[in-house]
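*Asks:* Dropping the structure in here first, questions after.
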Amino acid sequence: ARYCRVITMSEGKAVPSAFSPEEIREIKKVFSMVDTDGSGCIDATELSKIITDLTKEKPSQDALQRFIQQVDGNVDGKKDGKIQLEEFITALSHWVKAENVGSSTPARSRKRARESLVTSPREARAKLHKKIAAFFVCFKQSSDFESIRRKFTSLEHKSTTQGLKDDSHKSREKKSEADIKKLLEKCENASTKMSQFASAINGNDLKKALEATWIVADILSIVEILHTPERRFKHSEVIIKIFSRVKEMLLIPRIVLFLKEVEHPKLQYQAARVLTYYAPGPRIAHTPTDSAIHPDKMLHKKEVIRANAIETLKVLLISPSLPVLKQSAIALGTIASYNHEARDYIISQSVVQKLYNLITPSTPLDLLRPVTWALSIFCGHTHDCKNHEPDYKIVGCLEGLEKFNYIINRIDDPETLVNSCCAMSYLLPGIDLHKSVIRRLCELLRYPNPSLQTVLIRCFTDLISLETTHIRDFLDLGLLTNIQSVLKSSTSSSEFNVRLRATELVSILAEKGYTKDVIKADLIPSMVYLVFNDEFVRFVAMKVIKYTTRGQPDESRYLVKKQDIVKTLANSLSFFKMYDSVLRDVYNYYGPTFNFTFIEDVVDALNNLLGVANQNMSVDFINHFDMEIIDKLNTVIKTLVSEVDDEMLAWGDQRDKGVPVEQEIKFMMLKIAELHEKAKTPVCMHIAKSVKRLVREFETLYKKCELKRKRQLERRKKQSQLQQSTKALNSTNQIWGGFDRSMSLDVKGTITVKCFFNGDNRSLQVPLDVNFKSLERAVGLKYGRTLIMTYEDNDGDKMTIESDAILRKAFQAASGGLLKIYLVNKYKSVAISADWKGNGGGGGKNTVFQGMLQELQFETHFSPNDLRALNRQFQKSSMNGRLTKSQFVKEFQKILQGKITNVQAVQLFNSFDKSKDGSIDFREFVIGLSVFYKGDLEERLQLCFDAYDENGDMKIDKFEFFKILEATFNSQGGVPVEKEMIEKLVDNTFDEVDLDVDGCLNFEEFKKAVMTRKIILDSFWTRKI
């Protein structure tokens, strides 16, 4: 379990993964985000959308199919043309493994780790998501890596020479792009001299041989300078040519002979450097696995081993020269790293014993660091020890532990301690540990070094996970006390990995039943703090709280009364639905994320506490489940049942219990009501009554939303069937216009209806089985009035759509899945006159007015009586059935008693004036007023959008946005704002929120900008009056 992270999916399959549980959680987020229809898999359409969003270019169908074919069926061999979650993670794992080939030179791995240390949890998440985004983009460019394969294949057979002499070999600092460019230029300049270097190395003049060997070492050190996989991949051609040339010239056997030149330690040192850089090979990301230079092929390591380098380097471990000793240890560790065969061969040559002999009180720190690092490699570091453990009898567990115990008690050097503890973590399992060793390891947790703390915590985690023999000793000797100290000291954002590992360790102990020890160490306040302040550790910290609520009744009472854990759990419910800035920045995803696993942990913890309350009736205990807690639970279940969009379905997880989480919360609320009834105090009885009322409201809402959800699923099924039928029609060129006229129009799916009305053109999607009345209402809601619909038949004649039969003919005449309809007004505004009092008259006008009232009752939130009253008021204020802008502003300020400014009233008029003719009729007035008074948030945002959109083109350009801001600033009084400042504010806003970079904002862009607070609206637009 400690050597190979495994994730278990809902089907019970175990899939090996290169990712931690936290990374798996982030990958699930991406999968849910891409799976827009909530079907549990990614199809070609969804794949096309995410790639298009990332690259701003639509991929070809051929590229999409190659992507799906390569990923589909990589777990169970079953291909269904779609990508399941397990298949996605497996493919991504292979990608990241190839991406990280040789991510750092082993001898410098810890230095590189410190240089590239991410500074915050958000940065760590962003780094992972950028890799996932690159996974999608790479497949778009070359879904089967064929171009990469061709590149490596061609380079492997070239013999172009390259050379470099760089006097910066003593400095290992990270190079800038300018430095890299200079180094590559030196490679080109020195390429013609490579044969001269070879002649010097093979010659008898050792002085010239030293200089040439030095140069070759510097040439090969380019893999150290280009220390990231991305940089090596970018310059792979140069690197491969260098290694190919060194191999072709057969330099390695001669270099190994230089190791025996005892009288020339400088030559020995440079020869060991050559072997250190040459043995691992080029290590370039995405090297094809069947390539000869892939690290798993050990091409260069085998060459070094065949040249008897191991035996010679072993002899140098007793060299009187300190630099030679250090470089020999580094070379042996490098050759052994990342390949168990090479490691086992070196172990068989008794190298480990030689390294142990170097650990003495007189050994300088400069030597102890590379020696302990090499020993950590031989003990298992950089290897998959689950499948390829070293022979610990040869490694010498007891002797090694004795040496490392000496180091952790006597040496105060962070790097040496990290190396030693890393090695010990592989030797300790199965060993009968002395309490002095356990005590010292626990004490080292207080050492102010994040790398050492991380290694130690992982060591404890492995020991506790694999065996229970020493858990009580760990706890008695202060493990949790020191963990608490680690959590309190690692407060900076750059130490989040330490906090995460420490919290995971506490979670394992709590799950194993050591809840009393966790509470005694006062770790619960730390867990609460992490839940609310650390987004990367939050989920693990909540599991600790959940496990501690499973403890004894007295422990639960302590949590409730002393730690107020019920309120903490209720407040944490706010993390269920969140907007993720990382997903927004990397994928341009502005929708919400739903953390089902987190909410289930919260619910489980509350249920555990309710179980204790039921067994030990205490009014003080029960009173913690007050109405504040109930309201927060009620908010969550309403969100769960009302968010029935596809995006919500995509985030839902299947549970082993088979009970939806909203139902579990409902049952929990009923338990709370039952407990309050048993308490029988007036307050408790009131709470019980309120809870039952909320549950009844929830059940009513649940039934409505379930019906809506079923309709959505049915519609999605229809759309899927339509896509299949459309593909069949495409193959025979019979799309829509080619329908057999005798064909009944019960084809399942949707059709796009494009509406043309006085230059105001709009589109909507409707199901093919829509009837005439429903379509008329949908179009009416789009334009805020009832309109006559016409279409052009195949003869070019305009036909009025006034029945279901004519609508079916219109669908049959549609071309390419698009129906164009042309709209004209059904009621003229002049017909609204003072003769219509709502109750009087009896002529034809009254009949028409009654018809309009029925339609407006459907289209607005007003009752018939409200509409009649509004009509009487409208006739008093208007002239000839219309309100001008000045009349509207005057009357509206009277109605609201000065609650809005003139500027706001003018903006409101612009939003009411759908026809943009400078006046509004009764229909426009009533529909606008309905939204303003009783509309939901989205309707009010649309109203605001229409107010900003002065010319009615369904977009807000910079000039319109500028006019709004200018009028707003001028209406506020005070110091005038300069136009240049407003223009700059407009430009900055558009740079951030204009997602398609067309110089205008559509409604979706406007809504996202408002919801993410990039555009701040006056509360006048968002609150109901």
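Every chain in the structure tokens has a letter given in the order shown (A, B, ...), and although residue numbers restart at 1 in each chain, ligands are simply numbered from 1 in the order shown.
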Show me, as a ChimeraX atom specification, the residues that have an atom within 9 Å of A:Ser221 when counting only C-alpha atoms, minus same-chain residues fewer than 4 positions from it.

*Replies:* /A:169,216-217,225-226,273-274,277-278

*Asks:* List as a PyMOL selection string the protein and nucleic acid residues near stretch 31-34 of chain A, meaning an atom at most 12 Å away when only C-alpha atoms are counted, but skip any in the same chain fewer than 6 places from it.

*Replies:* chain A and resi 24-25+40-54+83-89+92+129+132-133+136+579-580+583-584+587-596+646-653

*Asks:* Taking into account only C-alpha atoms, which residue in the set A:Ile519, A:Leu505, A:Ala541, A:Ile821 is nearest to A:Asp554?

*Replies:*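 Ranked by minimum distance to A:Asp554, first place goes to A:Ile519.
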
*Asks:* Could you check how far atom CA of A:Ala209 sits from atom CA of A:Phe197, in Å to one decimal?

*Replies:*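 Computing the Euclidean distance for atom CA of A:Ala209 and atom CA of A:Phe197 yields 8.0 Å.
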
*Asks:* Leaving out A:Ile524 and any residue of its chain fewer than 6 positions from it, which residues lie within 8 Å of it when counting only C-alpha atoms, given as a PyMOL selection string?

*Replies:* chain A and resi 518+545+563

*Asks:* Considering only C-alpha atoms, tabulate each residue of stretch 340-394 of chain A that lies at most 7 Å from stretch 412-432 of chain A along with its nearest interatomic pair and the corresponding distance in Å to one decimal; arrange the rows by chain and ascending residue number and present them as CSV.

*Replies:*
```
residue,atom,partner,partner_atom,distance
A:Leu368,CA,A:Thr416,CA,6.6
A:Arg369,CA,A:Thr416,CA,5.1
A:Thr372,CA,A:Asn419,CA,5.5
A:Trp373,CA,A:Asn419,CA,5.2
A:Leu375,CA,A:Ala423,CA,6.7
A:Ser376,CA,A:Ala423,CA,4.3
A:Cys379,CA,A:Ala423,CA,5.7
A:Gly380,CA,A:Tyr426,CA,6.4
```

*Asks:* Restrict the selected residues to all heavy atoms and save them as a PDB file, in the first residue's frame.

*Replies:*
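File written: part.pdb
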```pdb
ATOM      1  N   LEU A 368      29.374  12.924   3.939  1.00  0.00           N
ATOM      2  CA  LEU A 368      28.204  12.231   4.482  1.00  0.00           C
ATOM      3  C   LEU A 368      26.962  12.459   3.612  1.00  0.00           C
ATOM      4  O   LEU A 368      26.129  11.566   3.447  1.00  0.00           O
ATOM      5  CB  LEU A 368      27.903  12.717   5.897  1.00  0.00           C
ATOM      6  CG  LEU A 368      28.606  12.000   7.056  1.00  0.00           C
ATOM      7  CD1 LEU A 368      28.206  12.621   8.379  1.00  0.00           C
ATOM      8  CD2 LEU A 368      28.304  10.505   7.044  1.00  0.00           C
ATOM      9  N   ARG A 369      26.813  13.633   3.031  1.00  0.00           N
ATOM     10  CA  ARG A 369      25.617  13.933   2.237  1.00  0.00           C
ATOM     11  C   ARG A 369      25.491  13.015   1.025  1.00  0.00           C
ATOM     12  O   ARG A 369      24.450  12.363   0.860  1.00  0.00           O
ATOM     13  CB  ARG A 369      25.642  15.403   1.814  1.00  0.00           C
ATOM     14  CG  ARG A 369      25.408  16.360   2.973  1.00  0.00           C
ATOM     15  CD  ARG A 369      25.753  17.778   2.606  1.00  0.00           C
ATOM     16  NE  ARG A 369      25.637  18.669   3.754  1.00  0.00           N
ATOM     17  CZ  ARG A 369      26.229  19.861   3.818  1.00  0.00           C
ATOM     18  NH1 ARG A 369      26.985  20.284   2.814  1.00  0.00           N
ATOM     19  NH2 ARG A 369      26.082  20.609   4.889  1.00  0.00           N
ATOM     20  N   THR A 372      25.012   9.178   2.269  1.00  0.00           N
ATOM     21  CA  THR A 372      23.677   8.838   2.758  1.00  0.00           C
ATOM     22  C   THR A 372      22.649   8.892   1.629  1.00  0.00           C
ATOM     23  O   THR A 372      21.692   8.121   1.616  1.00  0.00           O
ATOM     24  CB  THR A 372      23.250   9.792   3.888  1.00  0.00           C
ATOM     25  OG1 THR A 372      23.410  11.159   3.451  1.00  0.00           O
ATOM     26  CG2 THR A 372      24.095   9.556   5.130  1.00  0.00           C
ATOM     27  N   TRP A 373      22.856   9.800   0.681  1.00  0.00           N
ATOM     28  CA  TRP A 373      21.936   9.841  -0.457  1.00  0.00           C
ATOM     29  C   TRP A 373      22.034   8.546  -1.264  1.00  0.00           C
ATOM     30  O   TRP A 373      21.018   7.949  -1.619  1.00  0.00           O
ATOM     31  CB  TRP A 373      22.253  11.044  -1.354  1.00  0.00           C
ATOM     32  CG  TRP A 373      21.452  11.029  -2.612  1.00  0.00           C
ATOM     33  CD1 TRP A 373      20.163  11.406  -2.762  1.00  0.00           C
ATOM     34  CD2 TRP A 373      21.889  10.542  -3.881  1.00  0.00           C
ATOM     35  NE1 TRP A 373      19.749  11.198  -4.054  1.00  0.00           N
ATOM     36  CE2 TRP A 373      20.797  10.671  -4.764  1.00  0.00           C
ATOM     37  CE3 TRP A 373      23.081  10.017  -4.363  1.00  0.00           C
ATOM     38  CZ2 TRP A 373      20.861  10.295  -6.103  1.00  0.00           C
ATOM     39  CZ3 TRP A 373      23.161   9.655  -5.696  1.00  0.00           C
ATOM     40  CH2 TRP A 373      22.057   9.786  -6.546  1.00  0.00           C
ATOM     41  N   LEU A 375      23.012   5.638  -0.234  1.00  0.00           N
ATOM     42  CA  LEU A 375      22.450   4.544   0.561  1.00  0.00           C
ATOM     43  C   LEU A 375      20.910   4.545   0.508  1.00  0.00           C
ATOM     44  O   LEU A 375      20.287   3.482   0.497  1.00  0.00           O
ATOM     45  CB  LEU A 375      22.927   4.648   2.011  1.00  0.00           C
ATOM     46  CG  LEU A 375      24.380   4.203   2.254  1.00  0.00           C
ATOM     47  CD1 LEU A 375      24.832   4.580   3.655  1.00  0.00           C
ATOM     48  CD2 LEU A 375      24.524   2.695   2.035  1.00  0.00           C
ATOM     49  N   SER A 376      20.305   5.735   0.494  1.00  0.00           N
ATOM     50  CA  SER A 376      18.843   5.783   0.391  1.00  0.00           C
ATOM     51  C   SER A 376      18.372   5.180  -0.932  1.00  0.00           C
ATOM     52  O   SER A 376      17.311   4.549  -1.000  1.00  0.00           O
ATOM     53  CB  SER A 376      18.350   7.224   0.530  1.00  0.00           C
ATOM     54  OG  SER A 376      18.670   8.005  -0.616  1.00  0.00           O
ATOM     55  N   CYS A 379      18.527   1.425  -0.551  1.00  0.00           N
ATOM     56  CA  CYS A 379      17.484   0.918   0.349  1.00  0.00           C
ATOM     57  C   CYS A 379      16.109   0.906  -0.306  1.00  0.00           C
ATOM     58  O   CYS A 379      15.201   0.224   0.187  1.00  0.00           O
ATOM     59  CB  CYS A 379      17.440   1.757   1.627  1.00  0.00           C
ATOM     60  SG  CYS A 379      18.884   1.519   2.693  1.00  0.00           S
ATOM     61  N   GLY A 380      15.937   1.650  -1.399  1.00  0.00           N
ATOM     62  CA  GLY A 380      14.649   1.615  -2.095  1.00  0.00           C
ATOM     63  C   GLY A 380      14.192   2.911  -2.683  1.00  0.00           C
ATOM     64  O   GLY A 380      13.233   2.942  -3.471  1.00  0.00           O
TER      65      GLY A 380
END
```

*Asks:* What is the atom CA of A:Thr681 to atom CA of A:Gln663 distance in Å?

*Replies:*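 Interatomic distance, atom CA of A:Thr681 to atom CA of A:Gln663: 27.6 Å.
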
*Asks:* Provide the atom CA of A:Tyr338 to atom CA of A:Leu445 distance in Å, to one decimal place.

*Replies:*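 Computed distance, atom CA of A:Tyr338 to atom CA of A:Leu445, equals 28.2 Å.
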
*Asks:* Which residues, written as a list in words, have at least one atom at most 6 Å from A:Leu943, with only C-alpha atoms counted and residues fewer than 3 positions away on the same chain left out?

*Replies:*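 Listing them by chain and then by number gives Ser911, Arg940 and Asp946 of chain A.
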
*Asks:* Produce a file of the selected residues containing C-alpha atoms, as a short mmCIF file (atom, residue, chain, number, x, y, z; two decimals), in the first residue's frame.

*Replies:*
```cif
data_model
loop_
_atom_site.label_atom_id
_atom_site.label_comp_id
_atom_site.auth_asym_id
_atom_site.auth_seq_id
_atom_site.Cartn_x
_atom_site.Cartn_y
_atom_site.Cartn_z
CA SER A 911 -34.48 47.76 -20.69
CA ARG A 940 -32.99 40.81 -13.49
CA ASP A 946 -30.96 45.11 -21.98
#
```

*Asks:* Which residues are close to stretch 797-809 of chain A, i.e. within 9 Å by only C-alpha atoms, leaving aside same-chain residues fewer than 3 positions away? Reply as a PyMOL selection string.

*Replies:* chain A and resi 741+744-745+768-773+788-794+812-814+822
